[in-house]
>>> print(open('data-v3.cif').read())   # mmCIF, C-alpha atoms
data_work
loop_
_atom_site.group_PDB
_atom_site.id
_atom_site.type_symbol
_atom_site.label_atom_id
_atom_site.label_comp_id
_atom_site.auth_asym_id
_atom_site.auth_seq_id
_atom_site.Cartn_x
_atom_site.Cartn_y
_atom_site.Cartn_z
ATOM 1 C CA MET A 27 -2.347 -16.283 -4.938
ATOM 2 C CA ILE A 28 0.354 -13.923 -3.776
ATOM 3 C CA SER A 29 1.727 -14.672 -0.332
ATOM 4 C CA LEU A 30 2.687 -11.698 1.793
ATOM 5 C CA THR A 31 4.938 -11.608 4.802
ATOM 6 C CA ASP A 32 3.668 -10.104 8.031
ATOM 7 C CA SER A 33 5.634 -6.893 7.482
ATOM 8 C CA GLN A 34 4.171 -6.572 3.972
ATOM 9 C CA LYS A 35 0.656 -7.019 5.394
ATOM 10 C CA ILE A 36 1.374 -4.290 7.927
ATOM 11 C CA GLY A 37 2.738 -2.131 5.102
ATOM 12 C CA MET A 38 -0.387 -2.639 3.017
ATOM 13 C CA GLY A 39 -2.508 -1.567 5.980
ATOM 14 C CA LEU A 40 -0.349 1.496 6.654
ATOM 15 C CA THR A 41 -0.380 2.483 2.988
ATOM 16 C CA GLY A 42 -4.149 2.031 2.805
ATOM 17 C CA PHE A 43 -4.689 4.153 5.889
ATOM 18 C CA GLY A 44 -2.254 6.718 4.489
ATOM 19 C CA VAL A 45 -4.204 7.014 1.241
ATOM 20 C CA PHE A 46 -7.460 7.216 3.238
ATOM 21 C CA PHE A 47 -6.140 10.018 5.451
ATOM 22 C CA LEU A 48 -4.754 11.887 2.432
ATOM 23 C CA PHE A 49 -8.074 11.628 0.617
ATOM 24 C CA PHE A 50 -10.075 12.531 3.728
ATOM 25 C CA GLY A 51 -7.746 15.454 4.448
ATOM 26 C CA MET A 52 -8.294 16.821 0.948
ATOM 27 C CA ILE A 53 -12.061 16.423 1.229
ATOM 28 C CA LEU A 54 -12.038 18.343 4.509
ATOM 29 C CA PHE A 55 -10.538 21.412 2.834
ATOM 30 C CA PHE A 56 -6.882 20.405 3.129
ATOM 31 C CA ASP A 57 -6.816 19.699 6.845
ATOM 32 C CA LYS A 58 -3.115 19.784 7.609
ATOM 33 C CA ALA A 59 -3.265 17.288 10.494
ATOM 34 C CA LEU A 60 -4.973 14.600 8.383
ATOM 35 C CA LEU A 61 -2.656 15.250 5.445
ATOM 36 C CA ALA A 62 0.412 15.007 7.687
ATOM 37 C CA ILE A 63 -0.798 11.711 9.179
ATOM 38 C CA GLY A 64 -1.594 10.409 5.683
ATOM 39 C CA ASN A 65 1.850 11.332 4.375
ATOM 40 C CA ILE A 66 3.648 9.661 7.269
ATOM 41 C CA LEU A 67 1.524 6.514 7.007
ATOM 42 C CA PHE A 68 1.938 6.316 3.222
ATOM 43 C CA VAL A 69 5.733 6.586 3.284
ATOM 44 C CA ALA A 70 5.993 4.206 6.256
ATOM 45 C CA GLY A 71 3.687 1.703 4.562
ATOM 46 C CA LEU A 72 5.695 1.846 1.360
ATOM 47 C CA SER A 73 8.830 1.122 3.381
ATOM 48 C CA PHE A 74 7.180 -1.885 5.006
ATOM 49 C CA VAL A 75 5.857 -3.273 1.713
ATOM 50 C CA ILE A 76 9.054 -3.130 -0.352
ATOM 51 C CA GLY A 77 11.646 -2.888 2.427
ATOM 52 C CA LEU A 78 13.809 -0.030 3.648
ATOM 53 C CA GLU A 79 16.699 -0.625 1.249
ATOM 54 C CA ARG A 80 14.515 -0.869 -1.843
ATOM 55 C CA THR A 81 12.532 2.197 -0.744
ATOM 56 C CA PHE A 82 15.752 4.153 -0.385
ATOM 57 C CA ARG A 83 16.996 2.926 -3.767
ATOM 58 C CA PHE A 84 13.640 3.760 -5.385
ATOM 59 C CA PHE A 85 13.512 7.333 -4.126
ATOM 60 C CA PHE A 86 17.180 8.215 -4.493
ATOM 61 C CA GLN A 87 18.044 7.063 -8.009
ATOM 62 C CA LYS A 88 19.839 9.701 -10.071
ATOM 63 C CA HIS A 89 17.102 10.061 -12.654
ATOM 64 C CA LYS A 90 14.395 10.323 -9.967
ATOM 65 C CA MET A 91 16.011 12.993 -7.789
ATOM 66 C CA LYS A 92 13.770 15.764 -9.152
ATOM 67 C CA ALA A 93 10.646 13.708 -8.506
ATOM 68 C CA THR A 94 11.852 12.679 -5.054
ATOM 69 C CA SER A 95 12.652 16.242 -4.088
ATOM 70 C CA PHE A 96 9.188 17.405 -5.151
ATOM 71 C CA PHE A 97 7.428 14.535 -3.362
ATOM 72 C CA LEU A 98 9.396 14.671 -0.101
ATOM 73 C CA GLY A 99 9.486 18.473 -0.263
ATOM 74 C CA GLY A 100 5.691 18.435 -0.500
ATOM 75 C CA VAL A 101 5.523 16.153 2.533
ATOM 76 C CA LEU A 102 7.772 18.566 4.420
ATOM 77 C CA VAL A 103 5.709 21.590 3.353
ATOM 78 C CA VAL A 104 2.523 19.853 4.573
ATOM 79 C CA LEU A 105 4.206 19.053 7.894
ATOM 80 C CA ILE A 106 5.306 22.698 8.222
ATOM 81 C CA GLY A 107 1.699 23.819 7.816
ATOM 82 C CA TRP A 108 1.061 24.867 4.201
ATOM 83 C CA PRO A 109 -1.167 22.016 3.042
ATOM 84 C CA ILE A 110 -2.347 23.264 -0.364
ATOM 85 C CA ILE A 111 1.147 24.070 -1.637
ATOM 86 C CA GLY A 112 2.465 20.826 -0.152
ATOM 87 C CA VAL A 113 -0.213 18.690 -1.786
ATOM 88 C CA VAL A 114 0.419 20.304 -5.173
ATOM 89 C CA LEU A 115 4.150 19.555 -4.818
ATOM 90 C CA GLU A 116 3.419 15.996 -3.688
ATOM 91 C CA ILE A 117 1.059 15.285 -6.579
ATOM 92 C CA TYR A 118 3.600 16.561 -9.102
ATOM 93 C CA GLY A 119 6.356 14.488 -7.483
ATOM 94 C CA PHE A 120 4.075 11.438 -7.317
ATOM 95 C CA PHE A 121 3.325 11.617 -11.037
ATOM 96 C CA LEU A 122 7.009 12.038 -11.825
ATOM 97 C CA LEU A 123 7.944 9.086 -9.603
ATOM 98 C CA PHE A 124 5.290 6.672 -10.820
ATOM 99 C CA ARG A 125 4.789 7.766 -14.440
ATOM 100 C CA GLY A 126 6.301 4.528 -15.713
ATOM 101 C CA PHE A 127 3.726 2.535 -13.763
ATOM 102 C CA PHE A 128 0.588 4.263 -15.076
ATOM 103 C CA PRO A 129 0.526 2.575 -18.528
ATOM 104 C CA VAL A 130 0.995 -0.808 -16.849
ATOM 105 C CA ALA A 131 -1.910 -0.013 -14.517
ATOM 106 C CA VAL A 132 -4.082 1.080 -17.459
ATOM 107 C CA GLY A 133 -3.198 -2.154 -19.275
ATOM 108 C CA PHE A 134 -4.169 -4.132 -16.183
ATOM 109 C CA ILE A 135 -7.437 -2.217 -15.736
ATOM 110 C CA ARG A 136 -8.313 -2.864 -19.398
ATOM 111 C CA ARG A 137 -8.505 -6.574 -18.544
ATOM 112 C CA ILE A 138 -11.150 -6.023 -15.857
ATOM 113 C CA PRO A 139 -14.563 -6.672 -17.467
ATOM 114 C CA VAL A 140 -16.544 -3.487 -16.702
ATOM 115 C CA LEU A 141 -13.639 -1.042 -16.404
ATOM 116 C CA GLY A 142 -11.990 -2.423 -19.533
ATOM 117 C CA SER A 143 -15.044 -1.711 -21.651
ATOM 118 C CA ILE A 144 -15.177 1.841 -20.235
ATOM 119 C CA LEU A 145 -11.487 2.428 -21.032
ATOM 120 C CA ASN A 146 -12.037 1.167 -24.584
ATOM 121 C CA LEU A 147 -14.633 3.864 -25.350
ATOM 122 C CA PRO A 148 -13.331 6.040 -28.209
ATOM 123 C CA PHE A 149 -12.856 9.336 -26.345
ATOM 124 C CA ILE A 150 -11.347 7.689 -23.242
ATOM 125 C CA SER A 151 -9.210 5.298 -25.282
ATOM 126 C CA ALA A 152 -7.610 8.228 -27.122
ATOM 127 C CA VAL A 153 -6.555 9.809 -23.827
ATOM 128 C CA CYS A 154 -5.244 6.524 -22.419
ATOM 129 C CA MET A 155 -3.334 5.703 -25.599
ATOM 130 C CA SER A 156 -1.780 9.159 -25.781
ATOM 131 C CA SER A 157 -0.525 8.814 -22.196
ATOM 132 C CA THR A 158 0.777 5.327 -23.003
ATOM 133 C CA ALA A 159 2.540 6.644 -26.101
ATOM 134 C CA ALA A 160 4.088 9.453 -24.069
ATOM 135 C CA ALA A 161 5.309 6.967 -21.486
ATOM 136 C CA LEU A 162 6.690 4.775 -24.270
ATOM 137 C CA GLN A 163 8.634 7.693 -25.724
ATOM 138 C CA LEU A 164 11.678 6.102 -24.147
ATOM 139 C CA CYS A 165 11.859 2.342 -24.374
ATOM 140 C CA PHE A 166 14.728 0.699 -22.555
ATOM 141 C CA VAL A 167 16.713 -2.042 -24.239
ATOM 142 C CA TYR A 168 19.867 -3.910 -23.435
ATOM 143 C CA ALA A 169 23.098 -3.156 -25.180
ATOM 144 C CA GLN A 170 26.547 -4.487 -24.452
ATOM 145 C CA HIS A 171 28.917 -1.730 -23.362
ATOM 146 C CA GLY A 172 32.308 -3.197 -22.632
ATOM 147 C CA THR A 173 31.986 -5.733 -19.844
ATOM 148 C CA ARG A 174 28.843 -4.275 -18.294
ATOM 149 C CA ARG A 175 25.313 -3.814 -19.519
ATOM 150 C CA LYS A 176 24.016 -0.341 -20.102
ATOM 151 C CA LEU A 177 20.488 0.845 -20.741
ATOM 152 C CA LEU A 178 20.078 2.763 -23.957
ATOM 153 C CA CYS A 179 17.085 4.903 -24.769
ATOM 154 C CA ILE A 180 15.558 4.757 -28.204
ATOM 155 C CA ASN A 181 12.572 6.543 -29.601
ATOM 156 C CA HIS A 182 9.523 4.303 -29.818
ATOM 157 C CA HIS A 183 8.699 5.493 -33.346
ATOM 158 C CA ARG A 184 11.704 3.571 -34.676
ATOM 159 C CA LEU A 185 10.289 0.290 -33.455
ATOM 160 C CA PRO A 186 8.095 -1.750 -35.830
ATOM 161 C CA ASN A 187 4.310 -1.629 -35.349
ATOM 162 C CA CYS A 188 4.551 0.418 -32.162
ATOM 163 C CA SER A 189 1.319 2.214 -33.046
ATOM 164 C CA ASP A 190 -0.466 -1.076 -32.414
ATOM 165 C CA PRO A 191 -1.779 -0.993 -28.795
ATOM 166 C CA MET A 192 -0.826 -4.591 -28.047
ATOM 167 C CA THR A 193 2.730 -4.085 -29.322
ATOM 168 C CA ALA A 194 3.045 -0.839 -27.377
ATOM 169 C CA GLN A 195 1.845 -2.579 -24.221
ATOM 170 C CA LEU A 196 4.250 -5.477 -24.783
ATOM 171 C CA LEU A 197 7.129 -3.037 -25.277
ATOM 172 C CA HIS A 198 6.207 -1.206 -22.096
ATOM 173 C CA ILE A 199 6.000 -4.411 -20.052
ATOM 174 C CA THR A 200 9.363 -5.480 -21.456
ATOM 175 C CA ALA A 201 10.850 -2.107 -20.572
ATOM 176 C CA ALA A 202 9.461 -2.377 -17.032
ATOM 177 C CA LEU A 203 10.964 -5.844 -16.627
ATOM 178 C CA ILE A 204 14.343 -4.665 -17.914
ATOM 179 C CA ARG A 205 14.285 -1.685 -15.555
ATOM 180 C CA ARG A 206 13.385 -3.964 -12.637
ATOM 181 C CA CYS A 207 16.196 -6.387 -13.470
ATOM 182 C CA CYS A 208 18.771 -3.644 -13.877
ATOM 183 C CA LEU A 209 17.819 -1.272 -11.087
ATOM 184 C CA ASP A 210 16.844 -3.744 -8.358
#
>>> encode(input="data-v3.cif", output="structure tokens")
Amino acid sequence: MISLTDSQKIGMGLTGFGVFFLFFGMILFFDKALLAIGNILFVAGLSFVIGLERTFRFFFQKHKMKATSFFLGGVLVVLIGWPIIGVVLEIYGFFLLFRGFFPVAVGFIRRIPVLGSILNLPFISAVCMSSTAAALQLCFVYAQHGTRRKLLCINHHRLPNCSDPMTAQLLHITAALIRRCCLD
């Protein structure tokens, strides 16, 4: 069982309420007050869960600046009072920020008994595998560069048996671990 600190528990609650308010705000025809509350709670909850420093490092990495600007710009646009445009910007920024996490989440959901059998249906599996293959387009590996380690990007087609779903998932998990070790 995973043990959480008190601040992480508070962060989980804030993030949950933030997602609820965002969803409820969209259901109620993009109510700008609910969307603004949801945005503030979501970002605050994320800061509580992973810490202020790691949140700052996550959002302001060089390769994520475009995604961060879209996401935080969308939050700002919602707070100004244009909820539909803001939500569109936020969703685009969210997908850019968390696109490396989606194949891991799909791999995790495949292990859940009922949802896994649904994701393994032929027409759904093709969509999930194509998104996983797109996310695996760049696989990160270690390479020695002088005295420091540098991440090199290689095309996943050059790797052996990468069309196999299990190998692709293993490569993606390895890439996620390498990114976590290098960027955290």
>>> resolve_selection(input="data-v3.cif", expression="the PyMOL selection byres ((chain A and resi 51-66) around 9)", output="number ranges by chain")
A: 41, 43-50, 67-71, 101-102, 104-110, 113
>>> resolve_selection(input="data-v3.cif", expression="the PyMOL selection byres ((chain A and resi 76-83) around 12)", output="PDB file with C-alpha atoms, in the frame of the given file")
ATOM      1  CA  LEU A  30       2.687 -11.698   1.793  1.00  0.00           C
ATOM      2  CA  THR A  31       4.938 -11.608   4.802  1.00  0.00           C
ATOM      3  CA  SER A  33       5.634  -6.893   7.482  1.00  0.00           C
ATOM      4  CA  GLN A  34       4.171  -6.572   3.972  1.00  0.00           C
ATOM      5  CA  LYS A  35       0.656  -7.019   5.394  1.00  0.00           C
ATOM      6  CA  ILE A  36       1.374  -4.290   7.927  1.00  0.00           C
ATOM      7  CA  GLY A  37       2.738  -2.131   5.102  1.00  0.00           C
ATOM      8  CA  MET A  38      -0.387  -2.639   3.017  1.00  0.00           C
ATOM      9  CA  THR A  41      -0.380   2.483   2.988  1.00  0.00           C
ATOM     10  CA  VAL A  69       5.733   6.586   3.284  1.00  0.00           C
ATOM     11  CA  ALA A  70       5.993   4.206   6.256  1.00  0.00           C
ATOM     12  CA  GLY A  71       3.687   1.703   4.562  1.00  0.00           C
ATOM     13  CA  LEU A  72       5.695   1.846   1.360  1.00  0.00           C
ATOM     14  CA  SER A  73       8.830   1.122   3.381  1.00  0.00           C
ATOM     15  CA  PHE A  74       7.180  -1.885   5.006  1.00  0.00           C
ATOM     16  CA  VAL A  75       5.857  -3.273   1.713  1.00  0.00           C
ATOM     17  CA  PHE A  84      13.640   3.760  -5.385  1.00  0.00           C
ATOM     18  CA  PHE A  85      13.512   7.333  -4.126  1.00  0.00           C
ATOM     19  CA  PHE A  86      17.180   8.215  -4.493  1.00  0.00           C
ATOM     20  CA  GLN A  87      18.044   7.063  -8.009  1.00  0.00           C
ATOM     21  CA  LYS A  88      19.839   9.701 -10.071  1.00  0.00           C
ATOM     22  CA  HIS A  89      17.102  10.061 -12.654  1.00  0.00           C
ATOM     23  CA  LYS A  90      14.395  10.323  -9.967  1.00  0.00           C
ATOM     24  CA  MET A  91      16.011  12.993  -7.789  1.00  0.00           C
ATOM     25  CA  THR A  94      11.852  12.679  -5.054  1.00  0.00           C
ATOM     26  CA  ARG A 206      13.385  -3.964 -12.637  1.00  0.00           C
ATOM     27  CA  LEU A 209      17.819  -1.272 -11.087  1.00  0.00           C
ATOM     28  CA  ASP A 210      16.844  -3.744  -8.358  1.00  0.00           C
TER      29      ASP A 210
END
>>> atom_distance(input="data-v3.cif", atom1="atom CA of Gly119 of chain A", atom2="atom CA of Leu98 of chain A")
8.0 Å
>>> atom_distance(input="data-v3.cif", atom1="atom CA of Ala93 of chain A", atom2="atom CA of Leu122 of chain A")
5.2 Å
>>> atom_distance(input="data-v3.cif", atom1="atom CA of Gly99 of chain A", atom2="atom CA of Glu116 of chain A")
7.4 Å
>>> decode(input="data-v3.cif", residues="segment 99-118 of chain A", atoms="N, CA, C and O atoms", output="PDB file, in the first residue's frame")
ATOM      1  N   GLY A  99      -2.052  29.414 -20.120  1.00  0.00           N
ATOM      2  CA  GLY A  99      -2.770  30.438 -20.875  1.00  0.00           C
ATOM      3  C   GLY A  99      -4.264  30.158 -20.899  1.00  0.00           C
ATOM      4  O   GLY A  99      -5.086  31.078 -20.794  1.00  0.00           O
ATOM      5  N   GLY A 100      -4.643  28.892 -21.026  1.00  0.00           N
ATOM      6  CA  GLY A 100      -6.050  28.517 -20.972  1.00  0.00           C
ATOM      7  C   GLY A 100      -6.661  28.806 -19.617  1.00  0.00           C
ATOM      8  O   GLY A 100      -7.801  29.282 -19.520  1.00  0.00           O
ATOM      9  N   VAL A 101      -5.896  28.539 -18.554  1.00  0.00           N
ATOM     10  CA  VAL A 101      -6.369  28.868 -17.203  1.00  0.00           C
ATOM     11  C   VAL A 101      -6.601  30.372 -17.089  1.00  0.00           C
ATOM     12  O   VAL A 101      -7.630  30.829 -16.578  1.00  0.00           O
ATOM     13  N   LEU A 102      -5.660  31.152 -17.593  1.00  0.00           N
ATOM     14  CA  LEU A 102      -5.782  32.607 -17.543  1.00  0.00           C
ATOM     15  C   LEU A 102      -6.979  33.101 -18.360  1.00  0.00           C
ATOM     16  O   LEU A 102      -7.728  33.978 -17.918  1.00  0.00           O
ATOM     17  N   VAL A 103      -7.177  32.522 -19.540  1.00  0.00           N
ATOM     18  CA  VAL A 103      -8.307  32.917 -20.383  1.00  0.00           C
ATOM     19  C   VAL A 103      -9.627  32.579 -19.705  1.00  0.00           C
ATOM     20  O   VAL A 103     -10.596  33.359 -19.781  1.00  0.00           O
ATOM     21  N   VAL A 104      -9.705  31.441 -19.005  1.00  0.00           N
ATOM     22  CA  VAL A 104     -10.924  31.101 -18.260  1.00  0.00           C
ATOM     23  C   VAL A 104     -11.141  32.108 -17.133  1.00  0.00           C
ATOM     24  O   VAL A 104     -12.255  32.568 -16.910  1.00  0.00           O
ATOM     25  N   LEU A 105     -10.060  32.460 -16.426  1.00  0.00           N
ATOM     26  CA  LEU A 105     -10.194  33.425 -15.334  1.00  0.00           C
ATOM     27  C   LEU A 105     -10.598  34.804 -15.841  1.00  0.00           C
ATOM     28  O   LEU A 105     -11.300  35.544 -15.146  1.00  0.00           O
ATOM     29  N   ILE A 106     -10.174  35.165 -17.054  1.00  0.00           N
ATOM     30  CA  ILE A 106     -10.559  36.451 -17.638  1.00  0.00           C
ATOM     31  C   ILE A 106     -12.043  36.459 -17.971  1.00  0.00           C
ATOM     32  O   ILE A 106     -12.712  37.481 -17.835  1.00  0.00           O
ATOM     33  N   GLY A 107     -12.583  35.316 -18.399  1.00  0.00           N
ATOM     34  CA  GLY A 107     -14.014  35.249 -18.663  1.00  0.00           C
ATOM     35  C   GLY A 107     -14.403  34.668 -20.003  1.00  0.00           C
ATOM     36  O   GLY A 107     -15.559  34.775 -20.404  1.00  0.00           O
ATOM     37  N   TRP A 108     -13.489  34.057 -20.729  1.00  0.00           N
ATOM     38  CA  TRP A 108     -13.810  33.383 -21.987  1.00  0.00           C
ATOM     39  C   TRP A 108     -13.635  31.883 -21.793  1.00  0.00           C
ATOM     40  O   TRP A 108     -12.606  31.290 -22.149  1.00  0.00           O
ATOM     41  N   PRO A 109     -14.641  31.215 -21.236  1.00  0.00           N
ATOM     42  CA  PRO A 109     -14.456  29.825 -20.817  1.00  0.00           C
ATOM     43  C   PRO A 109     -14.262  28.829 -21.951  1.00  0.00           C
ATOM     44  O   PRO A 109     -13.460  27.906 -21.813  1.00  0.00           O
ATOM     45  N   ILE A 110     -14.970  28.976 -23.056  1.00  0.00           N
ATOM     46  CA  ILE A 110     -14.866  27.965 -24.122  1.00  0.00           C
ATOM     47  C   ILE A 110     -13.470  27.993 -24.740  1.00  0.00           C
ATOM     48  O   ILE A 110     -12.830  26.954 -24.910  1.00  0.00           O
ATOM     49  N   ILE A 111     -12.986  29.179 -25.059  1.00  0.00           N
ATOM     50  CA  ILE A 111     -11.643  29.300 -25.642  1.00  0.00           C
ATOM     51  C   ILE A 111     -10.597  28.820 -24.639  1.00  0.00           C
ATOM     52  O   ILE A 111      -9.653  28.106 -24.988  1.00  0.00           O
ATOM     53  N   GLY A 112     -10.775  29.185 -23.374  1.00  0.00           N
ATOM     54  CA  GLY A 112      -9.834  28.766 -22.339  1.00  0.00           C
ATOM     55  C   GLY A 112      -9.780  27.267 -22.162  1.00  0.00           C
ATOM     56  O   GLY A 112      -8.703  26.683 -22.011  1.00  0.00           O
ATOM     57  N   VAL A 113     -10.942  26.619 -22.173  1.00  0.00           N
ATOM     58  CA  VAL A 113     -10.975  25.161 -22.002  1.00  0.00           C
ATOM     59  C   VAL A 113     -10.321  24.464 -23.191  1.00  0.00           C
ATOM     60  O   VAL A 113      -9.596  23.474 -23.024  1.00  0.00           O
ATOM     61  N   VAL A 114     -10.546  24.971 -24.381  1.00  0.00           N
ATOM     62  CA  VAL A 114      -9.906  24.380 -25.569  1.00  0.00           C
ATOM     63  C   VAL A 114      -8.380  24.496 -25.443  1.00  0.00           C
ATOM     64  O   VAL A 114      -7.648  23.528 -25.695  1.00  0.00           O
ATOM     65  N   LEU A 115      -7.898  25.664 -25.028  1.00  0.00           N
ATOM     66  CA  LEU A 115      -6.452  25.844 -24.840  1.00  0.00           C
ATOM     67  C   LEU A 115      -5.921  24.934 -23.736  1.00  0.00           C
ATOM     68  O   LEU A 115      -4.849  24.334 -23.877  1.00  0.00           O
ATOM     69  N   GLU A 116      -6.662  24.813 -22.655  1.00  0.00           N
ATOM     70  CA  GLU A 116      -6.244  23.945 -21.550  1.00  0.00           C
ATOM     71  C   GLU A 116      -6.164  22.484 -21.976  1.00  0.00           C
ATOM     72  O   GLU A 116      -5.218  21.784 -21.614  1.00  0.00           O
ATOM     73  N   ILE A 117      -7.176  22.022 -22.693  1.00  0.00           N
ATOM     74  CA  ILE A 117      -7.195  20.615 -23.111  1.00  0.00           C
ATOM     75  C   ILE A 117      -6.009  20.319 -24.025  1.00  0.00           C
ATOM     76  O   ILE A 117      -5.329  19.299 -23.875  1.00  0.00           O
ATOM     77  N   TYR A 118      -5.740  21.231 -24.957  1.00  0.00           N
ATOM     78  CA  TYR A 118      -4.587  21.034 -25.846  1.00  0.00           C
ATOM     79  C   TYR A 118      -3.285  21.026 -25.041  1.00  0.00           C
ATOM     80  O   TYR A 118      -2.435  20.142 -25.224  1.00  0.00           O
TER      81      TYR A 118
END
